[in-house]
$ cat upload-v7.tsv   # TSV, C-alpha atoms
chain	number	residue	atom	x	y	z
M	1332	MET	CA	57.42	30.99	56.73
M	1333	SER	CA	60.02	32.50	58.97
M	1334	ARG	CA	59.03	35.48	61.07
M	1335	VAL	CA	60.87	38.81	61.15
M	1336	ARG	CA	61.48	39.68	64.78
M	1337	VAL	CA	62.89	42.61	66.71
M	1338	PHE	CA	64.64	41.96	70.03
M	1339	ILE	CA	65.91	45.13	71.62
M	1340	ALA	CA	66.30	47.07	74.85
M	1341	SER	CA	64.80	50.53	75.17
M	1342	SER	CA	65.03	53.20	77.82
M	1343	LEU	CA	61.64	54.27	79.20
M	1344	ASP	CA	61.89	57.35	76.98
M	1345	GLY	CA	62.40	55.30	73.83
M	1346	PHE	CA	66.16	55.35	73.23
M	1347	ILE	CA	68.38	52.41	72.34
M	1348	ALA	CA	71.64	54.26	72.98
M	1349	GLY	CA	72.85	57.59	74.30
M	1350	PRO	CA	73.72	60.51	72.02
M	1351	ASN	CA	77.23	59.09	71.53
M	1352	ASP	CA	76.11	55.45	71.26
M	1353	GLU	CA	76.54	54.94	75.02
M	1354	LEU	CA	75.25	51.58	76.29
M	1355	ASP	CA	76.59	51.90	79.84
M	1356	TRP	CA	73.02	52.35	81.16
M	1357	LEU	CA	72.04	48.78	80.28
M	1358	PRO	CA	71.82	46.49	83.33
M	1359	THR	CA	74.40	43.74	83.47
M	1360	HIS	CA	73.09	40.37	82.37
M	1361	ASP	CA	74.02	38.79	85.68
M	1362	ASP	CA	71.13	40.55	87.39
M	1363	ALA	CA	68.43	39.43	85.00
M	1364	GLU	CA	66.90	36.38	83.42
M	1365	ASP	CA	68.68	35.48	80.20
M	1366	THR	CA	66.00	35.83	77.54
M	1367	PHE	CA	68.49	36.32	74.70
M	1368	THR	CA	69.84	32.75	74.54
M	1369	PRO	CA	66.41	31.09	74.08
M	1370	PHE	CA	65.47	33.78	71.55
M	1371	MET	CA	68.65	33.14	69.53
M	1372	LYS	CA	67.83	29.43	69.35
M	1373	GLU	CA	64.89	30.30	67.07
M	1374	ILE	CA	66.90	32.60	64.82
M	1375	GLY	CA	68.24	31.47	61.44
M	1376	ALA	CA	69.81	34.78	60.41
M	1377	LEU	CA	70.41	38.30	61.67
M	1378	LEU	CA	69.83	41.40	59.61
M	1379	MET	CA	71.81	44.20	61.19
M	1380	GLY	CA	72.08	47.90	60.45
M	1381	ARG	CA	75.48	49.28	59.56
M	1382	ARG	CA	75.73	51.55	62.59
M	1383	THR	CA	74.76	48.74	64.95
M	1384	TYR	CA	77.35	46.49	63.33
M	1385	ASP	CA	80.05	49.10	63.83
M	1386	VAL	CA	79.05	49.45	67.50
M	1387	VAL	CA	79.02	45.64	67.96
M	1388	CYS	CA	82.47	45.38	66.36
M	1389	GLY	CA	83.78	47.79	68.99
M	1390	PHE	CA	82.75	45.52	71.88
M	1391	ASP	CA	85.53	43.84	73.84
M	1392	THR	CA	83.30	40.85	74.49
M	1393	PRO	CA	83.23	37.67	72.39
M	1394	TRP	CA	81.00	37.59	69.28
M	1395	HIS	CA	77.39	37.32	70.48
M	1396	TYR	CA	75.79	35.45	67.60
M	1397	GLY	CA	77.58	32.10	67.42
M	1398	GLU	CA	77.43	30.50	63.99
M	1399	THR	CA	74.25	32.35	62.95
M	1400	PRO	CA	74.67	34.20	59.63
M	1401	VAL	CA	74.76	37.98	60.09
M	1402	LEU	CA	73.77	40.13	57.12
M	1403	VAL	CA	74.87	43.74	57.48
M	1404	ALA	CA	72.69	46.13	55.49
M	1405	SER	CA	75.00	48.74	54.01
M	1406	SER	CA	75.64	50.46	50.70
M	1407	ARG	CA	79.36	50.48	51.60
M	1408	PRO	CA	81.66	47.44	51.73
M	1409	VAL	CA	81.42	45.46	54.97
M	1410	GLU	CA	84.56	44.03	56.54
M	1411	PRO	CA	83.50	40.78	58.23
M	1412	LYS	CA	84.62	40.55	61.84
M	1413	VAL	CA	83.88	36.83	61.75
M	1414	PRO	CA	83.31	34.52	58.75
M	1415	THR	CA	79.53	34.40	59.32
M	1416	VAL	CA	79.21	38.13	58.49
M	1417	ARG	CA	78.47	39.44	55.03
M	1418	GLY	CA	77.21	42.72	53.57
M	1419	VAL	CA	73.88	43.07	51.82
M	1420	SER	CA	72.54	46.10	49.99
M	1421	GLY	CA	69.29	47.25	48.44
M	1422	ASP	CA	65.94	48.53	49.67
M	1423	ILE	CA	64.30	47.16	52.81
M	1424	HIS	CA	62.33	44.52	50.90
M	1425	THR	CA	65.51	43.25	49.22
M	1426	VAL	CA	67.58	43.01	52.38
M	1427	VAL	CA	64.76	41.37	54.38
M	1428	ALA	CA	64.27	38.83	51.55
M	1429	ALA	CA	68.00	38.05	51.64
M	1430	ALA	CA	67.82	37.53	55.41
M	1431	ARG	CA	64.77	35.27	55.08
M	1432	GLU	CA	66.63	33.17	52.56
M	1433	ALA	CA	69.68	32.93	54.83
M	1434	ALA	CA	67.42	31.95	57.75
M	1435	SER	CA	65.75	29.16	55.75
M	1436	ALA	CA	62.78	28.00	57.87
M	1437	ARG	CA	63.91	29.77	61.04
M	1438	ASP	CA	63.26	33.38	62.09
M	1439	VAL	CA	65.02	36.58	61.11
M	1440	TYR	CA	66.32	38.80	63.89
M	1441	ILE	CA	66.41	42.39	62.73
M	1442	ASP	CA	68.59	44.78	64.72
M	1443	GLY	CA	69.36	48.49	64.53
M	1444	GLY	CA	67.12	51.54	64.86
M	1445	ALA	CA	67.06	52.73	61.23
M	1446	LEU	CA	66.56	49.22	59.87
M	1447	ILE	CA	63.79	48.43	62.36
M	1448	ARG	CA	61.97	51.65	61.47
M	1449	ALA	CA	62.27	50.94	57.73
M	1450	ALA	CA	60.98	47.39	58.21
M	1451	LEU	CA	58.07	48.63	60.32
M	1452	ASP	CA	57.06	51.21	57.74
M	1453	ALA	CA	57.23	48.49	55.06
M	1454	ASN	CA	54.99	46.24	57.23
M	1455	LEU	CA	57.70	43.58	57.29
M	1456	VAL	CA	57.91	43.07	61.07
M	1457	ASP	CA	56.04	40.15	62.63
M	1458	GLU	CA	57.05	40.52	66.27
M	1459	LEU	CA	58.63	43.13	68.53
M	1460	VAL	CA	60.32	42.04	71.76
M	1461	VAL	CA	61.09	45.27	73.61
M	1462	THR	CA	62.86	45.07	76.95
M	1463	MET	CA	62.01	48.21	78.86
M	1464	ILE	CA	65.01	49.32	80.91
M	1465	PRO	CA	64.29	51.26	84.12
M	1466	MET	CA	66.13	54.36	82.92
M	1467	ILE	CA	65.25	57.75	81.50
M	1468	LEU	CA	68.07	58.95	79.25
M	1469	GLY	CA	66.64	62.27	78.08
M	1470	ALA	CA	68.40	62.10	74.71
M	1471	GLY	CA	70.00	59.57	72.41
M	1472	ARG	CA	69.36	57.33	69.44
M	1473	PRO	CA	65.63	56.67	69.16
M	1474	LEU	CA	64.24	53.18	68.71
M	1475	PHE	CA	60.96	53.96	66.95
M	1476	ALA	CA	60.67	57.77	66.83
M	1477	GLY	CA	61.06	58.76	63.20
M	1478	VAL	CA	58.90	56.06	61.62
M	1479	ALA	CA	56.87	57.54	58.77
M	1480	ASP	CA	53.57	56.01	59.87
M	1481	ARG	CA	51.75	55.30	63.10
M	1482	HIS	CA	51.82	51.61	63.98
M	1483	ALA	CA	49.12	50.10	66.16
M	1484	LEU	CA	50.35	47.04	68.05
M	1485	GLU	CA	48.83	44.02	69.70
M	1486	LEU	CA	50.26	43.11	73.11
M	1487	LEU	CA	51.21	39.42	73.19
M	1488	SER	CA	52.80	39.32	76.64
M	1489	SER	CA	54.49	41.38	79.33
M	1490	ARG	CA	56.64	40.20	82.20
M	1491	PRO	CA	59.35	41.42	84.54
M	1492	ILE	CA	62.67	39.66	83.90
M	1493	GLY	CA	64.74	41.04	86.75
M	1494	ALA	CA	66.93	44.09	87.37
M	1495	GLY	CA	63.83	46.27	86.98
M	1496	MET	CA	63.40	45.28	83.35
M	1497	VAL	CA	60.04	44.43	81.76
M	1498	GLN	CA	59.88	42.43	78.56
M	1499	LEU	CA	57.02	43.51	76.31
M	1500	VAL	CA	56.11	41.42	73.28
M	1501	TYR	CA	53.98	42.97	70.54
M	1502	LYS	CA	52.73	42.09	67.09
M	1503	PRO	CA	52.14	44.95	64.66
M	1504	ALA	CA	48.42	45.13	63.88
M	1505	SER	CA	49.38	45.04	60.20
M	1506	ALA	CA	51.11	41.63	60.61
M	1507	GLU	CA	49.16	38.53	59.57
Z	188	MET	CA	54.43	63.62	103.86
Z	189	SER	CA	52.48	63.54	100.65
Z	190	ARG	CA	54.07	61.96	97.61
Z	191	VAL	CA	54.46	63.63	94.21
Z	192	ARG	CA	53.16	61.21	91.62
Z	193	VAL	CA	52.99	61.05	87.84
Z	194	PHE	CA	50.12	59.17	86.19
Z	195	ILE	CA	50.31	59.27	82.43
Z	196	ALA	CA	49.91	57.29	79.23
Z	197	SER	CA	52.82	56.97	76.82
Z	198	SER	CA	53.14	55.53	73.34
Z	199	LEU	CA	55.78	52.82	73.06
Z	200	ASP	CA	58.07	55.42	71.50
Z	201	GLY	CA	57.70	57.79	74.44
Z	202	PHE	CA	55.12	60.34	73.31
Z	203	ILE	CA	52.15	61.63	75.30
Z	204	ALA	CA	50.46	63.28	72.32
Z	205	GLY	CA	50.89	63.60	68.60
Z	206	PRO	CA	52.64	66.57	66.96
Z	207	ASN	CA	49.38	68.58	67.06
Z	208	ASP	CA	48.34	67.38	70.55
Z	209	GLU	CA	46.38	64.46	69.07
Z	210	LEU	CA	45.07	62.00	71.65
Z	211	ASP	CA	42.95	59.91	69.28
Z	212	TRP	CA	45.43	57.00	69.60
Z	213	LEU	CA	44.54	56.40	73.26
Z	214	PRO	CA	42.35	53.31	73.79
Z	215	THR	CA	38.85	54.00	75.01
Z	216	HIS	CA	38.42	53.45	78.73
Z	217	ASP	CA	35.64	50.92	78.16
Z	218	ASP	CA	38.19	48.33	76.96
Z	219	ALA	CA	40.50	48.57	79.96
Z	220	GLU	CA	40.56	48.35	83.71
Z	221	ASP	CA	39.89	51.72	85.29
Z	222	THR	CA	43.05	52.49	87.22
Z	223	PHE	CA	42.46	56.25	87.23
Z	224	THR	CA	39.56	56.33	89.70
Z	225	PRO	CA	41.42	54.46	92.50
Z	226	PHE	CA	44.51	56.60	91.81
Z	227	MET	CA	42.49	59.82	92.11
Z	228	LYS	CA	41.13	58.71	95.51
Z	229	GLU	CA	44.65	59.15	96.92
Z	230	ILE	CA	45.19	62.57	95.37
Z	231	GLY	CA	44.81	65.79	97.36
Z	232	ALA	CA	45.78	68.20	94.58
Z	233	LEU	CA	46.78	68.27	90.94
Z	234	LEU	CA	49.65	70.32	89.59
Z	235	MET	CA	49.11	70.73	85.88
Z	236	GLY	CA	51.18	72.30	83.11
Z	237	ARG	CA	49.68	75.17	81.18
Z	238	ARG	CA	49.63	73.34	77.87
Z	239	THR	CA	47.97	70.29	79.40
Z	240	TYR	CA	45.38	72.53	81.03
Z	241	ASP	CA	44.58	74.17	77.70
Z	242	VAL	CA	44.20	70.71	76.09
Z	243	VAL	CA	41.99	69.48	78.96
Z	244	CYS	CA	39.81	72.61	78.68
Z	245	GLY	CA	39.20	71.72	75.03
Z	246	PHE	CA	37.69	68.33	75.90
Z	247	ASP	CA	33.97	67.88	75.34
Z	248	THR	CA	33.78	65.48	78.28
Z	249	PRO	CA	32.87	66.45	81.87
Z	250	TRP	CA	35.64	67.73	84.17
Z	251	HIS	CA	37.80	64.74	85.13
Z	252	TYR	CA	39.02	65.77	88.55
Z	253	GLY	CA	35.89	66.17	90.72
Z	254	GLU	CA	36.39	68.52	93.65
Z	255	THR	CA	40.18	68.05	93.78
Z	256	PRO	CA	42.07	71.37	93.66
Z	257	VAL	CA	43.89	71.86	90.35
Z	258	LEU	CA	46.87	74.21	90.34
Z	259	VAL	CA	47.88	75.30	86.85
Z	260	ALA	CA	51.55	76.25	86.63
Z	261	SER	CA	51.76	79.29	84.38
Z	262	SER	CA	53.40	82.68	84.27
Z	263	ARG	CA	50.27	83.98	82.50
Z	264	PRO	CA	46.83	84.48	84.08
Z	265	VAL	CA	44.77	81.28	84.27
Z	266	GLU	CA	41.05	81.42	83.58
Z	267	PRO	CA	39.46	78.75	85.80
Z	268	LYS	CA	37.18	76.39	83.91
Z	269	VAL	CA	35.74	75.24	87.23
Z	270	PRO	CA	36.00	76.86	90.70
Z	271	THR	CA	38.60	74.30	91.88
Z	272	VAL	CA	41.17	75.62	89.37
Z	273	ARG	CA	43.71	78.30	90.18
Z	274	GLY	CA	46.96	79.51	88.66
Z	275	VAL	CA	50.31	79.20	90.38
Z	276	SER	CA	53.64	80.61	89.25
Z	277	GLY	CA	57.28	80.36	90.21
Z	278	ASP	CA	60.07	77.81	89.82
Z	279	ILE	CA	59.42	74.09	90.06
Z	280	HIS	CA	60.18	73.98	93.81
Z	281	THR	CA	57.69	76.80	94.46
Z	282	VAL	CA	54.83	75.30	92.43
Z	283	VAL	CA	55.35	71.80	93.87
Z	284	ALA	CA	55.38	73.25	97.39
Z	285	ALA	CA	52.10	75.04	96.64
Z	286	ALA	CA	50.58	71.78	95.39
Z	287	ARG	CA	51.78	69.89	98.47
Z	288	GLU	CA	50.14	72.48	100.68
Z	289	ALA	CA	46.89	72.27	98.72
Z	290	ALA	CA	47.01	68.44	98.98
Z	291	SER	CA	47.48	68.54	102.77
Z	292	ALA	CA	48.32	64.95	103.79
Z	293	ARG	CA	47.29	63.39	100.49
Z	294	ASP	CA	49.35	62.98	97.31
Z	295	VAL	CA	50.13	65.43	94.54
Z	296	TYR	CA	49.34	64.37	90.98
Z	297	ILE	CA	51.65	66.15	88.58
Z	298	ASP	CA	50.59	66.24	84.93
Z	299	GLY	CA	52.10	67.62	81.74
Z	300	GLY	CA	55.34	66.80	79.94
Z	301	ALA	CA	57.33	69.97	80.66
Z	302	LEU	CA	56.29	70.04	84.32
Z	303	ILE	CA	57.06	66.34	84.81
Z	304	ARG	CA	60.52	66.78	83.27
Z	305	ALA	CA	61.26	69.80	85.46
Z	306	ALA	CA	60.11	67.94	88.58
Z	307	LEU	CA	62.24	64.91	87.66
Z	308	ASP	CA	65.35	67.02	87.13
Z	309	ALA	CA	64.69	68.69	90.51
Z	310	ASN	CA	64.37	65.24	92.13
Z	311	LEU	CA	60.87	66.08	93.29
Z	312	VAL	CA	59.06	63.02	91.86
Z	313	ASP	CA	58.31	60.09	94.19
Z	314	GLU	CA	56.45	57.77	91.83
Z	315	LEU	CA	55.85	57.37	88.11
Z	316	VAL	CA	52.81	55.43	86.89
Z	317	VAL	CA	53.32	55.06	83.14
Z	318	THR	CA	50.66	53.27	81.12
Z	319	MET	CA	52.32	51.96	77.99
Z	320	ILE	CA	49.92	52.17	75.07
Z	321	PRO	CA	50.36	49.60	72.26
Z	322	MET	CA	51.08	52.26	69.66
Z	323	ILE	CA	54.12	53.67	67.87
Z	324	LEU	CA	53.45	57.29	66.92
Z	325	GLY	CA	56.75	58.19	65.29
Z	326	ALA	CA	56.56	61.84	66.35
Z	327	GLY	CA	54.81	64.02	68.89
Z	328	ARG	CA	55.14	65.58	72.30
Z	329	PRO	CA	57.69	63.62	74.32
Z	330	LEU	CA	57.02	62.49	77.86
Z	331	PHE	CA	60.55	62.29	79.21
Z	332	ALA	CA	62.89	63.08	76.30
Z	333	GLY	CA	64.45	66.43	77.03
Z	334	VAL	CA	65.19	65.94	80.74
Z	335	ALA	CA	68.56	67.47	81.58
Z	336	ASP	CA	69.83	64.45	83.51
Z	337	ARG	CA	69.65	60.69	83.25
Z	338	HIS	CA	67.28	59.20	85.80
Z	339	ALA	CA	67.70	55.64	86.98
Z	340	LEU	CA	64.43	54.11	88.15
Z	341	GLU	CA	63.34	51.27	90.39
Z	342	LEU	CA	60.52	49.10	89.03
Z	343	LEU	CA	57.77	48.74	91.64
Z	344	SER	CA	55.27	46.79	89.55
Z	345	SER	CA	54.13	45.99	86.03
Z	346	ARG	CA	50.83	44.57	84.90
Z	347	PRO	CA	48.59	44.42	81.83
Z	348	ILE	CA	45.35	46.36	82.36
Z	349	GLY	CA	43.50	45.47	79.16
Z	350	ALA	CA	43.29	46.84	75.62
Z	351	GLY	CA	46.96	45.96	75.15
Z	352	MET	CA	48.07	48.44	77.80
Z	353	VAL	CA	50.71	47.70	80.44
Z	354	GLN	CA	50.90	49.78	83.58
Z	355	LEU	CA	54.47	50.28	84.78
Z	356	VAL	CA	55.12	51.78	88.21
Z	357	TYR	CA	58.56	53.18	88.99
Z	358	LYS	CA	60.28	55.10	91.75
Z	359	PRO	CA	63.16	57.36	90.76
Z	360	ALA	CA	66.35	56.01	92.32
Z	361	SER	CA	66.91	59.50	93.76
Z	362	ALA	CA	63.61	59.35	95.72
Z	363	GLU	CA	63.78	58.46	99.39

$ encode --input "upload-v7.tsv" --output "structure tokens"
Amino acid sequence: MSRVRVFIASSLDGFIAGPNDELDWLPTHDDAEDTFTPFMKEIGALLMGRRTYDVVCGFDTPWHYGETPVLVASSRPVEPKVPTVRGVSGDIHTVVAAAREAASARDVYIDGGALIRAALDANLVDELVVTMIPMILGAGRPLFAGVADRHALELLSSRPIGAGMVQLVYKPASAE
Amino acid sequence: MSRVRVFIASSLDGFIAGPNDELDWLPTHDDAEDTFTPFMKEIGALLMGRRTYDVVCGFDTPWHYGETPVLVASSRPVEPKVPTVRGVSGDIHTVVAAAREAASARDVYIDGGALIRAALDANLVDELVVTMIPMILGAGRPLFAGVADRHALELLSSRPIGAGMVQLVYKPASAE
């Protein structure tokens, strides 16, 4: 069965973006090992939060996700930026099930703070890949703060990947 | 000149204690490498926040800091739990200078969220040793969130130390 995986960068103080969605504090990819491309090779579908989708649509760069289906969880209509995008609505179990189906045997990549927190609290996350950025922001959009429950994790690996970043891989203790 | 160093455990979401100062989520020391004892050998004085001191005084365990002088930053009188404790008051520059003097040539260990944030914003921190605990708390007392400024860091080292913990060592980019 496909796994549900988080792949995200966090400041040392636990933020994924500044108070106004700033991402200018992220190191440029040129300075670091590319861990995203090999990760994406294992992904059959993305499940993305609405706010993250809106931020991604504002990027000047080319679409990051190739031909991989991207399901945007939103109660409002979603305007697809590329043909592989579609909206999906419902509770966290429903949208994760839709993403699993779209991924067929491959993994689901879940992205966006609110969606990640909801999936964690529903015990639907199998793996967390958190890239710790060498930056203290002080304020911003939290990655995990706000989950309803405590979540004990199991450390699977940790390694520096360049530009001062450390990639931490965890499995929630609740995951099978 | 002695360095000002932080040595602290953080949940993956950036908290040093739960909403009611809970520390029950910290792994027991028996499961992990003891990195505290070698760290303490380099310390000439502790500078501790008032709230941290009150929490430490509530512990049932023996005093953690041996004969090392402990300066408790507080505008209110400090009742010493052991003879090596004394109160110190004033702005962050004043209390850090007092701790440096007490440390003579050795390092200053600064402990407590509010004090660490104030020292960071005053560019008085030389090294941060952050032990990342495999736990998402969701809410609690933040370690760094609330600093007035962004702080870019330089990664000095990262290594797993057992019980799922990863010890990350950083130098603030502003430090000499």

$ residues_around --input "upload-v7.tsv" --residues "range 1410-1422 of chain M" --least-positions-apart "5" --cutoff "10 Å" --atoms "only C-alpha atoms" --output "PyMOL selection string"
chain M and resi 1376-1379+1381+1384-1385+1387-1388+1394+1396-1405+1427+1429-1430+1449-1450

$ calpha_fit_and_write --input "upload-v7.tsv" --fixed "chain Z" --moving "chain M" --output "short mmCIF file (atom, residue, chain, number, x, y, z; two decimals) with C-alpha atoms, keeping the file's coordinate frame"
data_model
loop_
_atom_site.label_atom_id
_atom_site.label_comp_id
_atom_site.auth_asym_id
_atom_site.auth_seq_id
_atom_site.Cartn_x
_atom_site.Cartn_y
_atom_site.Cartn_z
CA MET M 1332 54.43 63.61 103.83
CA SER M 1333 52.47 63.54 100.64
CA ARG M 1334 54.08 61.96 97.61
CA VAL M 1335 54.47 63.62 94.21
CA ARG M 1336 53.17 61.21 91.61
CA VAL M 1337 53.00 61.05 87.83
CA PHE M 1338 50.13 59.17 86.19
CA ILE M 1339 50.31 59.27 82.43
CA ALA M 1340 49.91 57.30 79.23
CA SER M 1341 52.81 56.98 76.82
CA SER M 1342 53.13 55.54 73.35
CA LEU M 1343 55.78 52.82 73.07
CA ASP M 1344 58.07 55.43 71.51
CA GLY M 1345 57.71 57.80 74.44
CA PHE M 1346 55.11 60.35 73.32
CA ILE M 1347 52.15 61.63 75.31
CA ALA M 1348 50.45 63.29 72.34
CA GLY M 1349 50.87 63.61 68.60
CA PRO M 1350 52.63 66.57 66.97
CA ASN M 1351 49.37 68.57 67.08
CA ASP M 1352 48.34 67.38 70.56
CA GLU M 1353 46.38 64.46 69.07
CA LEU M 1354 45.07 61.99 71.67
CA ASP M 1355 42.94 59.92 69.29
CA TRP M 1356 45.41 57.00 69.61
CA LEU M 1357 44.53 56.40 73.26
CA PRO M 1358 42.35 53.31 73.78
CA THR M 1359 38.85 53.99 75.01
CA HIS M 1360 38.40 53.43 78.72
CA ASP M 1361 35.64 50.91 78.14
CA ASP M 1362 38.17 48.34 76.96
CA ALA M 1363 40.47 48.56 79.95
CA GLU M 1364 40.54 48.34 83.71
CA ASP M 1365 39.86 51.72 85.28
CA THR M 1366 43.04 52.49 87.19
CA PHE M 1367 42.45 56.25 87.21
CA THR M 1368 39.55 56.33 89.69
CA PRO M 1369 41.41 54.47 92.48
CA PHE M 1370 44.50 56.60 91.81
CA MET M 1371 42.47 59.83 92.12
CA LYS M 1372 41.14 58.71 95.50
CA GLU M 1373 44.66 59.15 96.91
CA ILE M 1374 45.20 62.57 95.36
CA GLY M 1375 44.80 65.79 97.36
CA ALA M 1376 45.78 68.20 94.59
CA LEU M 1377 46.79 68.28 90.94
CA LEU M 1378 49.66 70.31 89.59
CA MET M 1379 49.11 70.73 85.87
CA GLY M 1380 51.19 72.28 83.12
CA ARG M 1381 49.69 75.16 81.19
CA ARG M 1382 49.64 73.34 77.86
CA THR M 1383 47.99 70.28 79.39
CA TYR M 1384 45.39 72.51 81.03
CA ASP M 1385 44.59 74.15 77.71
CA VAL M 1386 44.21 70.71 76.09
CA VAL M 1387 41.99 69.48 78.97
CA CYS M 1388 39.81 72.60 78.68
CA GLY M 1389 39.18 71.71 75.03
CA PHE M 1390 37.68 68.31 75.91
CA ASP M 1391 33.96 67.87 75.36
CA THR M 1392 33.78 65.48 78.29
CA PRO M 1393 32.86 66.44 81.86
CA TRP M 1394 35.63 67.73 84.17
CA HIS M 1395 37.78 64.73 85.13
CA TYR M 1396 39.02 65.78 88.56
CA GLY M 1397 35.91 66.17 90.71
CA GLU M 1398 36.39 68.51 93.64
CA THR M 1399 40.18 68.03 93.77
CA PRO M 1400 42.07 71.35 93.66
CA VAL M 1401 43.89 71.86 90.35
CA LEU M 1402 46.88 74.20 90.34
CA VAL M 1403 47.89 75.30 86.86
CA ALA M 1404 51.56 76.24 86.63
CA SER M 1405 51.76 79.27 84.36
CA SER M 1406 53.41 82.68 84.27
CA ARG M 1407 50.28 83.98 82.49
CA PRO M 1408 46.84 84.46 84.06
CA VAL M 1409 44.77 81.27 84.26
CA GLU M 1410 41.05 81.39 83.55
CA PRO M 1411 39.47 78.74 85.79
CA LYS M 1412 37.19 76.37 83.90
CA VAL M 1413 35.76 75.23 87.22
CA PRO M 1414 36.02 76.84 90.68
CA THR M 1415 38.61 74.29 91.88
CA VAL M 1416 41.18 75.61 89.36
CA ARG M 1417 43.70 78.30 90.17
CA GLY M 1418 46.97 79.51 88.64
CA VAL M 1419 50.32 79.19 90.37
CA SER M 1420 53.64 80.61 89.25
CA GLY M 1421 57.29 80.35 90.21
CA ASP M 1422 60.08 77.81 89.81
CA ILE M 1423 59.44 74.07 90.07
CA HIS M 1424 60.18 73.97 93.80
CA THR M 1425 57.69 76.78 94.45
CA VAL M 1426 54.85 75.30 92.44
CA VAL M 1427 55.37 71.78 93.86
CA ALA M 1428 55.38 73.25 97.40
CA ALA M 1429 52.10 75.04 96.65
CA ALA M 1430 50.59 71.77 95.39
CA ARG M 1431 51.79 69.88 98.47
CA GLU M 1432 50.15 72.48 100.67
CA ALA M 1433 46.89 72.25 98.71
CA ALA M 1434 47.01 68.44 98.97
CA SER M 1435 47.48 68.54 102.76
CA ALA M 1436 48.33 64.95 103.79
CA ARG M 1437 47.29 63.38 100.48
CA ASP M 1438 49.37 62.97 97.31
CA VAL M 1439 50.13 65.42 94.54
CA TYR M 1440 49.35 64.37 90.98
CA ILE M 1441 51.66 66.14 88.58
CA ASP M 1442 50.59 66.24 84.94
CA GLY M 1443 52.09 67.63 81.74
CA GLY M 1444 55.33 66.81 79.93
CA ALA M 1445 57.34 69.98 80.67
CA LEU M 1446 56.30 70.04 84.32
CA ILE M 1447 57.06 66.34 84.81
CA ARG M 1448 60.51 66.78 83.27
CA ALA M 1449 61.25 69.81 85.46
CA ALA M 1450 60.12 67.95 88.58
CA LEU M 1451 62.24 64.92 87.66
CA ASP M 1452 65.34 67.03 87.12
CA ALA M 1453 64.70 68.70 90.50
CA ASN M 1454 64.39 65.23 92.13
CA LEU M 1455 60.87 66.07 93.28
CA VAL M 1456 59.06 63.01 91.87
CA ASP M 1457 58.33 60.09 94.19
CA GLU M 1458 56.45 57.77 91.84
CA LEU M 1459 55.85 57.38 88.11
CA VAL M 1460 52.81 55.44 86.89
CA VAL M 1461 53.32 55.07 83.14
CA THR M 1462 50.66 53.28 81.12
CA MET M 1463 52.33 51.96 78.00
CA ILE M 1464 49.92 52.18 75.07
CA PRO M 1465 50.36 49.61 72.28
CA MET M 1466 51.09 52.27 69.66
CA ILE M 1467 54.11 53.68 67.88
CA LEU M 1468 53.44 57.30 66.93
CA GLY M 1469 56.76 58.20 65.30
CA ALA M 1470 56.55 61.85 66.36
CA GLY M 1471 54.79 64.03 68.90
CA ARG M 1472 55.13 65.59 72.31
CA PRO M 1473 57.70 63.64 74.33
CA LEU M 1474 57.01 62.49 77.86
CA PHE M 1475 60.56 62.30 79.23
CA ALA M 1476 62.89 63.07 76.31
CA GLY M 1477 64.45 66.44 77.04
CA VAL M 1478 65.18 65.95 80.74
CA ALA M 1479 68.56 67.48 81.59
CA ASP M 1480 69.82 64.46 83.51
CA ARG M 1481 69.65 60.70 83.25
CA HIS M 1482 67.27 59.21 85.81
CA ALA M 1483 67.70 55.65 87.00
CA LEU M 1484 64.42 54.12 88.16
CA GLU M 1485 63.33 51.29 90.39
CA LEU M 1486 60.52 49.11 89.04
CA LEU M 1487 57.77 48.75 91.64
CA SER M 1488 55.26 46.80 89.55
CA SER M 1489 54.13 45.99 86.03
CA ARG M 1490 50.83 44.58 84.88
CA PRO M 1491 48.59 44.43 81.84
CA ILE M 1492 45.35 46.37 82.36
CA GLY M 1493 43.51 45.49 79.17
CA ALA M 1494 43.28 46.85 75.63
CA GLY M 1495 46.96 45.95 75.16
CA MET M 1496 48.06 48.44 77.80
CA VAL M 1497 50.71 47.71 80.43
CA GLN M 1498 50.90 49.78 83.59
CA LEU M 1499 54.47 50.28 84.79
CA VAL M 1500 55.11 51.78 88.21
CA TYR M 1501 58.56 53.18 88.99
CA LYS M 1502 60.28 55.10 91.75
CA PRO M 1503 63.16 57.38 90.77
CA ALA M 1504 66.35 56.02 92.33
CA SER M 1505 66.91 59.51 93.76
CA ALA M 1506 63.59 59.37 95.71
CA GLU M 1507 63.76 58.47 99.40
#

$ interface_residues --input "upload-v7.tsv" --of "chain Z" --to "chain M" --cutoff "9 Å" --atoms "all atoms listed in the file" --output "NGL selection string"
:Z and (199-202 or 212 or 320-327 or 329-347 or 350-353 or 355 or 357 or 359)
